[in-house]
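Input: a single structure, listed below in structure tokens.
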Number of protein chains: 2
Amino acid sequence: MSIAPITDLSRLCIHTITTKPWSIEEAVRNFSAGGVKGITVWRDALSGRDIKKTGDMLRQNGLSVVSLCRGGFFPSKDPLKRQTAIDDNRRAIDEAFELGTRLIVLVCGADPAQSHEDSRKQIYDGISAVLPEAESAGVRVAIEPLHPMYADTRSAINTIAQANEMAEKLNSNWVGVAVDVYHLWWDPLLEEGIERCGRNNKLLAFHICDWKSPTVDLLNDRGLMGEGCIPIRKIRSWVDATGFNGFIEVEIFSNEYWKQDQSQFLKKIITAYYNHV
Amino acid sequence: MSIAPITDLSRLCIHTITTKPWSIEEAVRNFSAGGVKGITVWRDALSGRDIKKTGDMLRQNGLSVVSLCRGGFFPSKDPLKRQTAIDDNRRAIDEAFELGTRLIVLVCGADPAQSHEDSRKQIYDGISAVLPEAESAGVRVAIEPLHPMYADTRSAINTIAQANEMAEKLNSNWVGVAVDVYHLWWDPLLEEGIERCGRNNKLLAFHICDWKSPTVDLLNDRGLMGEGCIPIRKIRSWVDATGFNGFIEVEIFSNEYWKQDQSQFLKKIITAYYNHV
């Protein structure tokens with residue numbers, strides 16, 4: 001199968017964490033000048049800012065505010081910590097509303113002191129608890145399945161099938177799924193899971209980067225598209241086949257790239273986006 | 001559900017790599033004195049030895065030779081490398097025969113330069129190619145599904161379902177599956193996969209260790225049983241429920257433990273085996 005390459009930047013979104021050394025103001029100026037059309041904002045990038053004014057500034061620079069990263073981390077053996085997490089997710093929904101984005105990505109969480117079954121029950125309960133606020137703010141939440149190497153502390157949802165099941169069980173138009181190729185590329189049921197997600201109108205976000213060989217850090221050694229073994233274009237074609245026409249979001253955590261000149265890095269991202277997405 | 005703890009060491013096997021600083025001669029002496037009843041031999045531990053005499057030495061010290069680690073690494077885009085891998089697996093079968101063990105564990109391999117589908121086809125072809133030698137040597141091969149964080153270069157088989165499917169498709173009494181809790185603990189289909197594996201008489205080996213939080217190295221930071229979040233006893237109960245009564249194999253790669261006094265480490269392994277398996 002031949003898959004048509006990307007021919008313009010109209011769907012390119014970059015996460016603020018991808019160019020972490022830049023303040024959000026620097027990121028916006030450079031993204032905008034480079035022709036990038038969307039931005040996903042990590043909550044730390046808003047620290048000390050007026051959130052509403054920051055959202056206006058993003059839009060005035062021609063950027064769509066694709067999502068806010070991130071909510072979640074619901075599970076804990078400790079009920080007080082579970083309540084703290086729910087409160088924090090309500091704050092995230094307020095922030096998303098202020099910022100003017102319609103989506104929050106959830107890293108759902110896991111507590112290694114308890115079973116995955118218990119953690120998933122608490123994820124279900126936690127998301128349920130914040131859905132009224134999400135609905136009244138007009139903000140949807142996307143369950144992002146995380147790679148199994150994060151199954152101890154970051155997420156008890158590690159496959160596309162588990163994310164679909166959780167989203168379907170929550171049975172709300174305000175809940176969907178975020179597909180990130182880094183977390184899911186190895187999943188033997190990914191293609192059918194993306195199809196099912198799309199058929200249920202639950203595919204809310206699509207994140208890309210690459211898996212380097214070797215990967216030397218569990219968290220911060222993600223690759224630029226084309227540097228690794230992920231069949232990004234093939235997965236993008238599965239996503240597009242569902243009818244998804246939203247942004248394609250570059251989310252790269254990389255100690256290596258964060259050390260480099262960020263303007264050069266942005267150019268590399270744009271080149272890689274054309275060549276490998 | 002209450003699961004009966006282990007009450008003796010009759011099923012305890014330790015991999016030579018677990019106590020890597022020891023030569024195989026030192027390992028055997030210490031395992032035997034500690035009451036360990038089985039040993040799995042990594043091929044590097046045999047370097048420069050007469051393999052048949054080494055096997056005799058293991059048995060004379062009261063140790064069952066549970067398996068030889070490891071064969072596999074079949075996939076490559078390069079046909080010459082695929083043939084080299086097949087030749088090496090034939091040598092491993094000869095070595096297993098000489099050593100007097102009836103099992104080789106396979107780390108099946110993956111080539112990041114090609115798709116997982118292609119890698120799995122080459123795994124199928126590679127195992128098929130060596131089955132006549134396996135049968136004539138009386139040596140079975142166990143497909144070990146590997147954690148998805150090794151999906152780039154070490155294995156394109158990353159779930160219990162994929163291992164079952166491959167073993168069933170090969171349709172030979174000389175092929176089965178090795179279950180390692182480190183690789184599979186997160187797999188939402190693990191319990192049913194173990195049941196299916198046992199029902200097909202394909203459950204050939206059971207490996208244990210633990211997943212530490214945080215894990216600081218992708219390869220060599222495995223934990224001692226009880227140090228992490230893997231529900232080892234629960235998984236052991238699923239394995240035992242199939243009728244499996246073979247050895248329970250401690251396979252720990254750990255820069256931290258390899259730095260410590262290995263006699264003390266052996267004592268910790270035995271205590272952890274009673275308390276957490």
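All residue names refer to the structure tokens as shown: chains lettered A, B, ... in order, residues numbered from 1 in each chain, ligands numbered from 1 in order.
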At a cut-off of 8 Å, can you tabulate as CSV every residue of chain B near chain A together with its closest atom pair and the distance in Å to one decimal, using only C-alpha atoms and ordering rows by chain then number?
residue,atom,partner,partner_atom,distance
B:Pro112,CA,A:Cys229,CA,5.0
B:Ala113,CA,A:Cys229,CA,6.6
B:Gln114,CA,A:Cys229,CA,7.8
B:Ser115,CA,A:Pro231,CA,7.6
B:His116,CA,A:Trp186,CA,8.0
B:His147,CA,A:Pro148,CA,7.7
B:Pro148,CA,A:Trp186,CA,6.4
B:Met149,CA,A:Met149,CA,6.3
B:Ala151,CA,A:Trp186,CA,6.4
B:Asp152,CA,A:Cys229,CA,6.6
B:Thr153,CA,A:Ser213,CA,7.3
B:Ala156,CA,A:Trp186,CA,7.9
B:Asn158,CA,A:Trp186,CA,7.7
B:Trp186,CA,A:Pro148,CA,6.4
B:Trp211,CA,A:Asp152,CA,7.8
B:Ser213,CA,A:Asp152,CA,6.7
B:Val216,CA,A:Leu218,CA,7.3
B:Asp217,CA,A:Asp217,CA,7.1
B:Leu218,CA,A:Leu218,CA,6.8
B:Gly228,CA,A:Pro112,CA,7.5
B:Cys229,CA,A:Pro112,CA,5.0
B:Pro231,CA,A:Ser115,CA,7.6
Resulting file, chosen residues, N, CA and C atoms, as a compact mmCIF listing (two decimals), in the first residue's frame:
# COMPACT_ATOMS: atom_id res chain seq x y z
N PRO B 112 14.90 -3.70 13.69
CA PRO B 112 14.20 -2.42 13.60
C PRO B 112 14.14 -1.88 12.17
N ALA B 113 14.91 -2.48 11.27
CA ALA B 113 14.90 -2.00 9.88
C ALA B 113 13.73 -2.56 9.07
N GLN B 114 12.93 -3.41 9.69
CA GLN B 114 11.78 -3.98 8.96
C GLN B 114 10.57 -4.04 9.90
N SER B 115 9.43 -4.40 9.34
CA SER B 115 8.20 -4.43 10.14
C SER B 115 8.20 -5.64 11.10
N HIS B 116 7.41 -5.52 12.14
CA HIS B 116 7.23 -6.64 13.06
C HIS B 116 6.64 -7.85 12.35
N HIS B 147 9.18 -8.16 26.99
CA HIS B 147 8.54 -6.89 27.30
C HIS B 147 8.57 -5.97 26.07
N PRO B 148 7.51 -5.20 25.83
CA PRO B 148 7.49 -4.30 24.68
C PRO B 148 8.63 -3.29 24.65
N MET B 149 9.32 -3.06 25.76
CA MET B 149 10.45 -2.13 25.68
C MET B 149 11.63 -2.76 24.94
N ALA B 151 10.96 -4.40 22.01
CA ALA B 151 10.33 -4.74 20.73
C ALA B 151 11.14 -4.24 19.54
N ASP B 152 12.09 -3.35 19.76
CA ASP B 152 12.86 -2.84 18.62
C ASP B 152 13.88 -3.86 18.10
N THR B 153 14.69 -4.40 19.02
CA THR B 153 15.80 -5.25 18.57
C THR B 153 15.79 -6.66 19.15
N ALA B 156 10.00 -9.49 18.47
CA ALA B 156 8.74 -9.05 17.87
C ALA B 156 7.57 -9.84 18.44
N ASN B 158 5.69 -9.98 21.92
CA ASN B 158 5.68 -9.17 23.14
C ASN B 158 4.50 -9.40 24.06
N TRP B 186 2.31 -6.93 33.11
CA TRP B 186 1.38 -5.86 32.76
C TRP B 186 0.32 -6.34 31.77
N TRP B 211 9.81 -5.99 39.25
CA TRP B 211 9.93 -4.71 38.54
C TRP B 211 10.03 -3.60 39.56
N SER B 213 10.45 0.27 41.08
CA SER B 213 10.02 1.64 40.80
C SER B 213 10.90 2.59 41.61
N VAL B 216 15.90 2.08 36.55
CA VAL B 216 16.81 3.11 36.00
C VAL B 216 17.60 2.65 34.78
N ASP B 217 17.48 1.40 34.42
CA ASP B 217 18.21 0.88 33.26
C ASP B 217 17.29 -0.08 32.53
N LEU B 218 17.24 0.04 31.20
CA LEU B 218 16.29 -0.79 30.46
C LEU B 218 16.64 -2.27 30.52
N GLY B 228 9.40 -5.15 44.09
CA GLY B 228 8.71 -4.36 43.08
C GLY B 228 7.22 -4.59 43.09
N CYS B 229 6.61 -4.34 41.95
CA CYS B 229 5.14 -4.34 41.86
C CYS B 229 4.55 -5.56 41.17
N PRO B 231 2.86 -9.00 40.74
CA PRO B 231 2.14 -9.94 41.60
C PRO B 231 2.63 -11.37 41.35
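For Val41 in chain A, the residues within 9 Å (counting only C-alpha atoms, excluding itself and residues fewer than 6 positions away along the chain) are Ile14, His15, Thr16, Ile17, Ile24, Val65, Val66, Ser67, Leu68, Cys69 and Arg70 of chain A.
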What lies within 12 Å of Asn275 in chain A using only C-alpha atoms, ignoring chain neighbours under 6 positions off, as a ChimeraX atom specification?
/A:4-8,224-227,232-233,268-269
Pro132 in chain B environment, 12 Å, only C-alpha atoms, sequence neighbours closer than 6 positions dropped, as a list in words:
Asn89, Arg90, Ile93, Gly126, Gly138, Val139, Arg140, Val141, Ser172, Asn173, Trp174 and Val175 of chain B
Restricted to C-alpha atoms, what would the selected residues look like written as a CSV table (one decimal), in the first residue's frame?
chain,number,residue,atom,x,y,z
B,89,ASN,CA,20.7,-22.1,16.9
B,90,ARG,CA,21.8,-25.5,15.6
B,93,ILE,CA,20.9,-27.4,20.2
B,126,GLY,CA,13.9,-19.8,11.7
B,138,GLY,CA,15.5,-34.4,22.1
B,139,VAL,CA,15.6,-30.7,22.9
B,140,ARG,CA,12.6,-28.5,23.0
B,141,VAL,CA,12.6,-24.8,22.3
B,172,SER,CA,5.2,-29.2,17.0
B,173,ASN,CA,5.7,-31.0,20.3
B,174,TRP,CA,9.2,-29.6,20.3
B,175,VAL,CA,8.0,-26.0,20.6
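If you look at CA of Ile3 in chain B and CA of Ala241 in chain B, they are 11.0 Å away from each other.
Atom pair CA of Ala272 in chain B / CA of Asp56 in chain B: separated by 29.2 Å.
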As a ChimeraX atom specification, list the residues of range 63-171 of chain A assigned to strand (DSSP E) by DSSP on the backbone atoms of this structure.
/A:64-72,103-107,140-143
Go ahead and write the residues just picked, N, CA and C atoms, as a short mmCIF file (atom, residue, chain, number, x, y, z; two decimals), in the first residue's frame.
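Final file, selection.cif:
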data_model
loop_
_atom_site.label_atom_id
_atom_site.label_comp_id
_atom_site.auth_asym_id
_atom_site.auth_seq_id
_atom_site.Cartn_x
_atom_site.Cartn_y
_atom_site.Cartn_z
N SER A 64 -3.77 27.08 16.85
CA SER A 64 -4.88 26.43 17.53
C SER A 64 -4.35 25.80 18.81
N VAL A 65 -5.12 25.93 19.89
CA VAL A 65 -4.70 25.32 21.15
C VAL A 65 -5.32 23.92 21.21
N VAL A 66 -4.52 22.93 20.85
CA VAL A 66 -5.04 21.59 20.59
C VAL A 66 -5.46 20.88 21.87
N SER A 67 -4.60 20.94 22.89
CA SER A 67 -4.98 20.31 24.16
C SER A 67 -4.11 20.84 25.28
N LEU A 68 -4.55 20.48 26.49
CA LEU A 68 -3.76 20.76 27.69
C LEU A 68 -3.24 19.43 28.20
N CYS A 69 -1.94 19.37 28.48
CA CYS A 69 -1.31 18.17 29.04
C CYS A 69 -0.84 18.50 30.46
N ARG A 70 -1.19 17.81 31.45
CA ARG A 70 -2.01 16.64 31.42
C ARG A 70 -2.74 16.48 32.72
N GLY A 71 -3.85 15.79 32.67
CA GLY A 71 -4.55 15.38 33.87
C GLY A 71 -4.26 13.92 34.15
N GLY A 72 -5.02 13.36 35.11
CA GLY A 72 -4.88 11.94 35.39
C GLY A 72 -4.30 11.62 36.73
N LEU A 103 -9.74 20.11 25.05
CA LEU A 103 -9.27 18.75 25.32
C LEU A 103 -8.18 18.73 26.38
N ILE A 104 -8.30 17.75 27.30
CA ILE A 104 -7.22 17.46 28.25
C ILE A 104 -6.78 16.01 28.02
N VAL A 105 -5.47 15.80 27.94
CA VAL A 105 -4.94 14.44 27.81
C VAL A 105 -4.68 13.90 29.22
N LEU A 106 -5.12 12.65 29.42
CA LEU A 106 -4.97 12.02 30.73
C LEU A 106 -3.88 10.94 30.72
N VAL A 107 -2.88 11.12 31.58
CA VAL A 107 -1.98 10.02 31.93
C VAL A 107 -2.61 9.42 33.17
N ARG A 140 -13.29 17.97 26.71
CA ARG A 140 -13.25 16.51 26.71
C ARG A 140 -11.94 16.00 27.32
N VAL A 141 -11.97 14.77 27.80
CA VAL A 141 -10.75 14.16 28.35
C VAL A 141 -10.40 12.94 27.49
N ALA A 142 -9.10 12.81 27.20
CA ALA A 142 -8.63 11.70 26.36
C ALA A 142 -7.75 10.77 27.18
N ILE A 143 -8.14 9.51 27.24
CA ILE A 143 -7.35 8.48 27.92
C ILE A 143 -6.20 8.10 27.01
#
